[in-house]
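**Q** I have a structure I would like to understand better, so I am pasting it below and will then ask my questions one at a time.
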Amino acid sequence: MSAVKVKRHGPSMDMTAMCDVAFLLLTFFIMASSFKSEETVSVETPSSVSEELIPEKNIGMVTIDRTGKYYFGMLDPTERDDYAKALSDEFQLGLTNEEIVKFTKLAEVGVPMKSLKGYLDLDDNARAAVELSGIPCDSTDAELVKWVKTYATMKPDGKIAIKGDADTQYPAIKTLFDEFGKAKLNKFQLITKTEKK
């Protein structure tokens, strides 16, 4: 008489604990990460062979778009709160706490100081639809220099970077350098796209 064969079952594993750990890790990474603010203006930087990286903290950035308009912003969102307060205090802009919170969500600002309060009072959709005039920077009104100097006063260890579009016309760059030279702002970095040597 033949022996009865016992049906074999493969090893089983309870995956409940593994799923719990996976969701806890996912939740941790979502809560711990900080998201990059949406850029106000997109700029296609020229290429260079420089491999020096721009730091993500302690940097104020002047952006020049292809039409020659100037913008100012900071990469680190945690610096924007103090900067908005310093700007409001120094130039008597009268920004409210709600407007300062809105300011911290902007990667770059492209309106003059006189229009800043009204620009921040708009809701997100209306603000996105506004055509920005840029911050004035020429021999008659060098307001952009005031923005940069306020940042330099607030962050003495901070650096200034300039990011220009590859299609920006030379006079816009020259005007910026001339105004920086008059204001004795002679240390800044140029942001470019890395290219292989």
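Note on naming: chains are A, B, ... as they come in the structure tokens, residues start from 1 per chain, ligands start from 1 in the order shown.
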For Gly134 of chain A, work out the shell of residues within 6 Å, counting only C-alpha atoms and skipping chain neighbours fewer than 2 positions away, then give it as a list in words.

**A** Lys69, Tyr70, Tyr71, Gly110, Val111 and Leu132 of chain A

**Q** Give me a file of those residues, with C-alpha atoms, as an mmCIF file, in the first residue's frame.

**A**
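Result written to again.cif:
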```cif
data_model
loop_
_atom_site.group_PDB
_atom_site.id
_atom_site.type_symbol
_atom_site.label_atom_id
_atom_site.label_comp_id
_atom_site.auth_asym_id
_atom_site.auth_seq_id
_atom_site.Cartn_x
_atom_site.Cartn_y
_atom_site.Cartn_z
ATOM 1 C CA LYS A 69 13.363 92.708 -17.879
ATOM 2 C CA TYR A 70 14.947 92.287 -14.439
ATOM 3 C CA TYR A 71 13.702 90.076 -11.595
ATOM 4 C CA GLY A 110 9.290 91.113 -11.280
ATOM 5 C CA VAL A 111 7.383 94.254 -10.280
ATOM 6 C CA LEU A 132 5.280 91.548 -15.267
#
```

**Q** DSSP says alpha helix (DSSP H) for which residues of chain A? Put them as a ChimeraX atom specification?

**A** /A:16-32,77-90,97-104,113-121,124-129,143-154,170-182

**Q** I'd like the contact shell of segment 91-100 of chain A - 10 Å cut-off, only C-alpha atoms, skipping same-chain residues fewer than 2 positions apart - returned as a list of chain:residue names.

**A** A:Arg80, A:Asp81, A:Asp82, A:Tyr83, A:Ala84, A:Lys85, A:Ala86, A:Leu87, A:Ser88, A:Asp89, A:Lys102, A:Phe103, A:Thr104, A:Lys105, A:Met113, A:Lys114, A:Ser115, A:Leu116, A:Lys117, A:Gly118, A:Tyr119, A:Leu120, A:Asp121, A:Leu122, A:Lys146, A:Thr150

**Q** Those same residues, written as a PDB file, in the first residue's frame with N, CA and C atoms?

**A**
```
ATOM      1  N   ARG A  80      13.179  84.218   2.409  1.00  0.00           N
ATOM      2  CA  ARG A  80      12.276  85.211   1.818  1.00  0.00           C
ATOM      3  C   ARG A  80      11.454  85.960   2.857  1.00  0.00           C
ATOM      4  N   ASP A  81      11.110  85.305   3.954  1.00  0.00           N
ATOM      5  CA  ASP A  81      10.312  85.936   5.003  1.00  0.00           C
ATOM      6  C   ASP A  81      11.052  87.136   5.593  1.00  0.00           C
ATOM      7  N   ASP A  82      12.305  86.922   6.007  1.00  0.00           N
ATOM      8  CA  ASP A  82      13.109  88.006   6.574  1.00  0.00           C
ATOM      9  C   ASP A  82      13.373  89.101   5.547  1.00  0.00           C
ATOM     10  N   TYR A  83      13.578  88.690   4.302  1.00  0.00           N
ATOM     11  CA  TYR A  83      13.841  89.675   3.251  1.00  0.00           C
ATOM     12  C   TYR A  83      12.620  90.558   3.008  1.00  0.00           C
ATOM     13  N   ALA A  84      11.442  89.959   2.968  1.00  0.00           N
ATOM     14  CA  ALA A  84      10.212  90.736   2.755  1.00  0.00           C
ATOM     15  C   ALA A  84      10.009  91.738   3.886  1.00  0.00           C
ATOM     16  N   LYS A  85      10.278  91.318   5.120  1.00  0.00           N
ATOM     17  CA  LYS A  85      10.156  92.232   6.266  1.00  0.00           C
ATOM     18  C   LYS A  85      11.174  93.367   6.161  1.00  0.00           C
ATOM     19  N   ALA A  86      12.418  93.034   5.790  1.00  0.00           N
ATOM     20  CA  ALA A  86      13.463  94.058   5.652  1.00  0.00           C
ATOM     21  C   ALA A  86      13.110  95.046   4.546  1.00  0.00           C
ATOM     22  N   LEU A  87      12.603  94.544   3.438  1.00  0.00           N
ATOM     23  CA  LEU A  87      12.211  95.405   2.310  1.00  0.00           C
ATOM     24  C   LEU A  87      11.065  96.320   2.721  1.00  0.00           C
ATOM     25  N   SER A  88      10.073  95.753   3.396  1.00  0.00           N
ATOM     26  CA  SER A  88       8.911  96.532   3.834  1.00  0.00           C
ATOM     27  C   SER A  88       9.315  97.614   4.831  1.00  0.00           C
ATOM     28  N   ASP A  89      10.196  97.273   5.777  1.00  0.00           N
ATOM     29  CA  ASP A  89      10.628  98.246   6.782  1.00  0.00           C
ATOM     30  C   ASP A  89      11.476  99.356   6.169  1.00  0.00           C
ATOM     31  N   LYS A 102       2.660  85.444   1.240  1.00  0.00           N
ATOM     32  CA  LYS A 102       2.551  85.290  -0.216  1.00  0.00           C
ATOM     33  C   LYS A 102       3.895  85.552  -0.882  1.00  0.00           C
ATOM     34  N   PHE A 103       4.648  86.528  -0.360  1.00  0.00           N
ATOM     35  CA  PHE A 103       5.967  86.854  -0.908  1.00  0.00           C
ATOM     36  C   PHE A 103       6.898  85.645  -0.801  1.00  0.00           C
ATOM     37  N   THR A 104       6.810  84.910   0.298  1.00  0.00           N
ATOM     38  CA  THR A 104       7.703  83.768   0.503  1.00  0.00           C
ATOM     39  C   THR A 104       7.447  82.636  -0.489  1.00  0.00           C
ATOM     40  N   LYS A 105       6.288  82.647  -1.136  1.00  0.00           N
ATOM     41  CA  LYS A 105       5.966  81.606  -2.112  1.00  0.00           C
ATOM     42  C   LYS A 105       6.484  81.937  -3.511  1.00  0.00           C
ATOM     43  N   MET A 113       8.699  98.256  -6.590  1.00  0.00           N
ATOM     44  CA  MET A 113       8.233  98.315  -5.202  1.00  0.00           C
ATOM     45  C   MET A 113       6.865  98.966  -5.080  1.00  0.00           C
ATOM     46  N   LYS A 114       6.605 100.000  -5.887  1.00  0.00           N
ATOM     47  CA  LYS A 114       5.322 100.701  -5.782  1.00  0.00           C
ATOM     48  C   LYS A 114       4.147  99.798  -6.161  1.00  0.00           C
ATOM     49  N   SER A 115       4.402  98.743  -6.945  1.00  0.00           N
ATOM     50  CA  SER A 115       3.344  97.816  -7.367  1.00  0.00           C
ATOM     51  C   SER A 115       3.345  96.522  -6.566  1.00  0.00           C
ATOM     52  N   LEU A 116       4.318  96.344  -5.672  1.00  0.00           N
ATOM     53  CA  LEU A 116       4.478  95.066  -4.984  1.00  0.00           C
ATOM     54  C   LEU A 116       3.278  94.717  -4.112  1.00  0.00           C
ATOM     55  N   LYS A 117       2.797  95.663  -3.340  1.00  0.00           N
ATOM     56  CA  LYS A 117       1.665  95.403  -2.433  1.00  0.00           C
ATOM     57  C   LYS A 117       0.426  94.961  -3.219  1.00  0.00           C
ATOM     58  N   GLY A 118       0.102  95.676  -4.287  1.00  0.00           N
ATOM     59  CA  GLY A 118      -1.040  95.312  -5.122  1.00  0.00           C
ATOM     60  C   GLY A 118      -0.860  93.954  -5.799  1.00  0.00           C
ATOM     61  N   TYR A 119       0.371  93.667  -6.209  1.00  0.00           N
ATOM     62  CA  TYR A 119       0.663  92.385  -6.848  1.00  0.00           C
ATOM     63  C   TYR A 119       0.467  91.243  -5.870  1.00  0.00           C
ATOM     64  N   LEU A 120       0.913  91.423  -4.622  1.00  0.00           N
ATOM     65  CA  LEU A 120       0.771  90.374  -3.616  1.00  0.00           C
ATOM     66  C   LEU A 120      -0.678  90.192  -3.165  1.00  0.00           C
ATOM     67  N   ASP A 121      -1.508  91.241  -3.290  1.00  0.00           N
ATOM     68  CA  ASP A 121      -2.910  91.148  -2.892  1.00  0.00           C
ATOM     69  C   ASP A 121      -3.741  90.309  -3.866  1.00  0.00           C
ATOM     70  N   LEU A 122      -3.226  90.079  -5.072  1.00  0.00           N
ATOM     71  CA  LEU A 122      -3.950  89.265  -6.054  1.00  0.00           C
ATOM     72  C   LEU A 122      -3.947  87.799  -5.640  1.00  0.00           C
ATOM     73  N   LYS A 146      18.626  98.765  -5.216  1.00  0.00           N
ATOM     74  CA  LYS A 146      18.096  98.860  -3.848  1.00  0.00           C
ATOM     75  C   LYS A 146      17.674  97.484  -3.341  1.00  0.00           C
ATOM     76  N   THR A 150      19.528  95.738  -0.168  1.00  0.00           N
ATOM     77  CA  THR A 150      18.749  95.298   0.993  1.00  0.00           C
ATOM     78  C   THR A 150      19.077  93.850   1.313  1.00  0.00           C
TER      79      THR A 150
END
```

**Q** Write out as a list in words which residues come within 12 Å of Gly158 of chain A when counting only C-alpha atoms, dropping same-chain ones fewer than 6 positions away.

**A**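 My reading of the contact set: Ile54, Pro55, Glu56, Lys57, Asn58, Ile59, Gly60, Met61, Met74, Leu75, Asp76, Glu79, Val148, Lys149, Thr150, Tyr151, Ala152, Lys187, Phe188 and Gln189 of chain A.
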
**Q** Would you mind telling me which residue in A:Leu25, A:Glu108, A:Glu90, A:Thr192 lies nearest to Met154 of chain A when using only C-alpha atoms?

**A** A:Glu90

**Q** Run DSSP on the backbone of this structure and report the residues of segment 46-177 of chain A it assigns to strand (DSSP E), as a ChimeraX atom specification.

**A** /A:47-48,59-64,70-74,108-109,159-164
